[in-house]
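Asks: Take this structure, written in structure tokens, and hold onto it; I'll ask about it next.
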Amino acid sequence: MPVILFCSFVSPKLINELPHSVANLIIAICVLFTGYVIILLFLTSGRDPGIIPRNSHPPEPEDEADGSSISADWPGNQNGAPSLPPIKEVVVNGMVVKVKYCQTCMLYRPPRCSHCSICNNCVERFDHHCPWVGQCIGKRNYRFFFMFVSSTTILCLYVFAFCWVNIRKIMDAHDCNLWRAFLKSPVSGILILYTFVAAWFVGGLTAFHLYLIFTNQTTYENFRYRYDGKMNPYNRGCALNIVDIFFSKIPSSRNNFRAKVKGDSSSLFTTSMPLGHAMSPEIPKRSFDIETGKRQAVAAEDFEDIQSQMESVGGLERCGTQPRRTNWDHKLNWEMSPDIRMLAGEFEMERGFTERQKINGGL
């Protein structure tokens, strides 16, 4: 929007006050540079930052001879079951670095990897989650993020400078003071104020990330003071750090976001049933009818039988994996789960079918 305002209201006055070739060049550079910034924004926001795919199950516990220490409060230590150490040590450039086990992704995070609480993914060389671009900044999009921020700073300064040129030309042409020049071109005043504030923000961010690039740190590492009082194992010198960020090959994504999800809806439906009941092919259709309100009417005399059936199922389920309820006898405080409702509906339909067979047999 500031660039559109600049091209619509400020640039026509520059064309009249400057040579046409110079004024046209100023406008062309502004438009092309804006397109360049928008492309960098899309590359930063739309690219996989380096998400590490999750494991479908935890890794197998390694031998205790690997030297990994196991925390006393690690959940895997309970009941004497095989456990995974919460922290392992790896060697990076001759220095020992600790890596943590991620319980959400069920994997050991590589060095410099962290789990983003917003994206809920482990990201390689995690820098930070940027709300302005709506994406994590990691190994695969950090260079584009820095180019976006630095280019935005240059664009702000560019618009800021030529708005001042326009104000100065107005003052010379009309022989007026600064405030009258602002009244003659209010858009220039608005853009000067806006770009001045924005340049401090993105300019400061650019300077901070230049420091991080020169020292080969991430924002996450810097904010946690991870290298205070000790050597950074990733710092290879200013020149090599710049080469590592801007000229190294970007690794390919580990994820195929266009791939179809592998899974069987019938198997998922079966696993959701308690007590391992065998499922007939018609039960998914019945459950759909039950959930949408298309259930068979339950006769008043059969209500007590169904209620006792639900209570027995609930008792068995409570004896299994469900947590014990303190006020189980108060049925008003007990909420039926969808599984029990489905069992009740199935029981009623089977009971009605059996009664109809008896009636037909008697006839």
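Starting from 1 in every chain, residues are counted up; chains themselves are A, B, ... following the order of the structure tokens, and ligands are numbered from 1 as listed.
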Run DSSP on the backbone of this structure and report the residues of region 6-193 of chain A it assigns to strand (DSSP E), as a ChimeraX atom specification.
Replies: /A:87-92,95-102,107-108,114-116,121-123,128-130,135-137
Asks: Please produce a file of those selected residues containing N, CA and C atoms, as a PDB file, in the first residue's frame.
Replies:
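Final output, saved to selection-v1.pdb:
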```pdb
ATOM      1  N   ILE A  87      17.970 -37.318  27.062  1.00  0.00           N
ATOM      2  CA  ILE A  87      19.046 -36.523  26.473  1.00  0.00           C
ATOM      3  C   ILE A  87      20.169 -37.459  26.031  1.00  0.00           C
ATOM      4  N   LYS A  88      20.655 -37.203  24.825  1.00  0.00           N
ATOM      5  CA  LYS A  88      21.814 -37.929  24.328  1.00  0.00           C
ATOM      6  C   LYS A  88      22.895 -36.925  23.935  1.00  0.00           C
ATOM      7  N   GLU A  89      24.110 -37.416  23.896  1.00  0.00           N
ATOM      8  CA  GLU A  89      25.239 -36.565  23.558  1.00  0.00           C
ATOM      9  C   GLU A  89      25.816 -36.978  22.207  1.00  0.00           C
ATOM     10  N   VAL A  90      26.027 -35.992  21.353  1.00  0.00           N
ATOM     11  CA  VAL A  90      26.652 -36.218  20.057  1.00  0.00           C
ATOM     12  C   VAL A  90      27.823 -35.246  19.918  1.00  0.00           C
ATOM     13  N   VAL A  91      28.725 -35.575  19.028  1.00  0.00           N
ATOM     14  CA  VAL A  91      29.921 -34.763  18.816  1.00  0.00           C
ATOM     15  C   VAL A  91      29.742 -33.957  17.541  1.00  0.00           C
ATOM     16  N   VAL A  92      29.891 -32.625  17.642  1.00  0.00           N
ATOM     17  CA  VAL A  92      29.795 -31.714  16.502  1.00  0.00           C
ATOM     18  C   VAL A  92      31.068 -30.877  16.468  1.00  0.00           C
ATOM     19  N   MET A  95      33.172 -31.026  19.498  1.00  0.00           N
ATOM     20  CA  MET A  95      32.579 -30.612  20.762  1.00  0.00           C
ATOM     21  C   MET A  95      31.331 -31.429  21.034  1.00  0.00           C
ATOM     22  N   VAL A  96      31.082 -31.704  22.307  1.00  0.00           N
ATOM     23  CA  VAL A  96      29.932 -32.508  22.711  1.00  0.00           C
ATOM     24  C   VAL A  96      28.691 -31.614  22.768  1.00  0.00           C
ATOM     25  N   VAL A  97      27.641 -32.045  22.076  1.00  0.00           N
ATOM     26  CA  VAL A  97      26.377 -31.312  22.037  1.00  0.00           C
ATOM     27  C   VAL A  97      25.272 -32.256  22.488  1.00  0.00           C
ATOM     28  N   LYS A  98      24.387 -31.767  23.326  1.00  0.00           N
ATOM     29  CA  LYS A  98      23.279 -32.562  23.825  1.00  0.00           C
ATOM     30  C   LYS A  98      22.063 -32.409  22.918  1.00  0.00           C
ATOM     31  N   VAL A  99      21.436 -33.518  22.599  1.00  0.00           N
ATOM     32  CA  VAL A  99      20.200 -33.516  21.817  1.00  0.00           C
ATOM     33  C   VAL A  99      19.101 -34.135  22.677  1.00  0.00           C
ATOM     34  N   LYS A 100      17.887 -33.627  22.499  1.00  0.00           N
ATOM     35  CA  LYS A 100      16.764 -34.052  23.326  1.00  0.00           C
ATOM     36  C   LYS A 100      15.818 -34.948  22.546  1.00  0.00           C
ATOM     37  N   TYR A 101      15.107 -35.765  23.286  1.00  0.00           N
ATOM     38  CA  TYR A 101      14.077 -36.612  22.688  1.00  0.00           C
ATOM     39  C   TYR A 101      12.748 -35.854  22.684  1.00  0.00           C
ATOM     40  N   CYS A 102      12.095 -35.801  21.541  1.00  0.00           N
ATOM     41  CA  CYS A 102      10.804 -35.117  21.421  1.00  0.00           C
ATOM     42  C   CYS A 102       9.695 -36.154  21.581  1.00  0.00           C
ATOM     43  N   LEU A 107      11.100 -38.754  18.267  1.00  0.00           N
ATOM     44  CA  LEU A 107      12.422 -38.843  17.657  1.00  0.00           C
ATOM     45  C   LEU A 107      13.406 -38.005  18.451  1.00  0.00           C
ATOM     46  N   TYR A 108      14.682 -38.313  18.264  1.00  0.00           N
ATOM     47  CA  TYR A 108      15.731 -37.478  18.836  1.00  0.00           C
ATOM     48  C   TYR A 108      15.994 -36.315  17.887  1.00  0.00           C
ATOM     49  N   SER A 114      14.610 -27.720  17.080  1.00  0.00           N
ATOM     50  CA  SER A 114      13.722 -27.452  18.200  1.00  0.00           C
ATOM     51  C   SER A 114      12.281 -27.665  17.757  1.00  0.00           C
ATOM     52  N   HIS A 115      11.423 -27.922  18.719  1.00  0.00           N
ATOM     53  CA  HIS A 115      10.001 -28.144  18.437  1.00  0.00           C
ATOM     54  C   HIS A 115       9.250 -26.834  18.580  1.00  0.00           C
ATOM     55  N   CYS A 116       8.606 -26.411  17.495  1.00  0.00           N
ATOM     56  CA  CYS A 116       7.840 -25.159  17.511  1.00  0.00           C
ATOM     57  C   CYS A 116       6.486 -25.421  18.166  1.00  0.00           C
ATOM     58  N   ASN A 121       5.730 -28.780  15.200  1.00  0.00           N
ATOM     59  CA  ASN A 121       6.644 -29.596  14.407  1.00  0.00           C
ATOM     60  C   ASN A 121       8.066 -29.348  14.874  1.00  0.00           C
ATOM     61  N   CYS A 122       8.909 -30.361  14.714  1.00  0.00           N
ATOM     62  CA  CYS A 122      10.337 -30.185  14.925  1.00  0.00           C
ATOM     63  C   CYS A 122      10.937 -29.613  13.650  1.00  0.00           C
ATOM     64  N   VAL A 123      11.699 -28.525  13.778  1.00  0.00           N
ATOM     65  CA  VAL A 123      12.245 -27.809  12.628  1.00  0.00           C
ATOM     66  C   VAL A 123      13.757 -27.788  12.738  1.00  0.00           C
ATOM     67  N   HIS A 128      13.220 -19.088  14.758  1.00  0.00           N
ATOM     68  CA  HIS A 128      12.080 -18.578  15.511  1.00  0.00           C
ATOM     69  C   HIS A 128      10.833 -18.778  14.668  1.00  0.00           C
ATOM     70  N   HIS A 129       9.680 -18.563  15.274  1.00  0.00           N
ATOM     71  CA  HIS A 129       8.415 -18.547  14.532  1.00  0.00           C
ATOM     72  C   HIS A 129       8.032 -17.099  14.303  1.00  0.00           C
ATOM     73  N   CYS A 130       7.934 -16.730  13.029  1.00  0.00           N
ATOM     74  CA  CYS A 130       7.656 -15.331  12.681  1.00  0.00           C
ATOM     75  C   CYS A 130       6.161 -15.153  12.440  1.00  0.00           C
ATOM     76  N   GLN A 135       5.034 -18.292   9.495  1.00  0.00           N
ATOM     77  CA  GLN A 135       5.809 -19.495   9.218  1.00  0.00           C
ATOM     78  C   GLN A 135       6.990 -19.567  10.171  1.00  0.00           C
ATOM     79  N   CYS A 136       7.438 -20.798  10.431  1.00  0.00           N
ATOM     80  CA  CYS A 136       8.686 -20.975  11.163  1.00  0.00           C
ATOM     81  C   CYS A 136       9.853 -20.586  10.268  1.00  0.00           C
ATOM     82  N   ILE A 137      10.901 -20.093  10.882  1.00  0.00           N
ATOM     83  CA  ILE A 137      12.128 -19.772  10.157  1.00  0.00           C
ATOM     84  C   ILE A 137      13.168 -20.812  10.560  1.00  0.00           C
TER      85      ILE A 137
END
```
Asks: Can you tell me, as an NGL selection string, what residues are no more than 9 Å from Ile192 (chain A) when counting only C-alpha atoms, ignoring any on the same chain fewer than 6 positions away?
Replies: :A and (159-161 or 163-164)
Asks: Hey, what's within 12 Å of Asp127 (chain A) if we count only C-alpha atoms and toss same-chain stuff fewer than 5 positions away? As a PyMOL selection string, please?
Replies: chain A and resi 49-50+112-116+122+135-143+145-146+209+212-213+216-224
Asks: Suppose you want the space between CA of Ala207 (chain A) and CA of Asn93 (chain A); what is it in Å?
Replies: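 Rounded to one decimal, the two atoms are 27.6 Å apart.
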Asks: Where does DSSP see alpha helix (DSSP H) in region 4-221 of chain A, if you list the residues as a PyMOL selection string?
Replies: chain A and resi 4-5+11-17+20-46+142-174+178-184+186-215+219-221
Asks: One decimal, Å: what's the distance from CA of Cys238 (chain A) over to CA of Ile154 (chain A), could you say?
Replies: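 Here the two named atoms are 23.1 Å from each other.
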Asks: Pick out the residues sitting within 10 Å of Phe42 (chain A), and hand them over as a VMD selection string; count only C-alpha atoms, and ignore anything fewer than 2 positions along from it in its own chain.
Replies: chain A and resid 37 to 40 44 to 47 133 144 to 145 148
Asks: Quick one: of A:Thr215, A:His174, A:Pro86, A:Val187, who's nearest to Met231 (chain A), counting only C-alpha atoms?
Replies: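 Looking only at the distances to Met231 (chain A), the closest residue turns out to be A:Thr215.
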Asks: For Asn120 (chain A), which of A:Leu41, A:Ala181, A:Met171, A:Ile51 is the closest residue, counting only C-alpha atoms?
Replies: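 Selected residue with least distance to Asn120 (chain A): A:Ile51.
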Asks: Looking at A:Val22, A:Met147, A:Ile167, A:Leu155, which one is nearest to Phe246 (chain A), with distances taken over only C-alpha atoms?
Replies: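 Going through A:Val22, A:Met147, A:Ile167, A:Leu155 one by one, the smallest distance to Phe246 (chain A) is for A:Met147.
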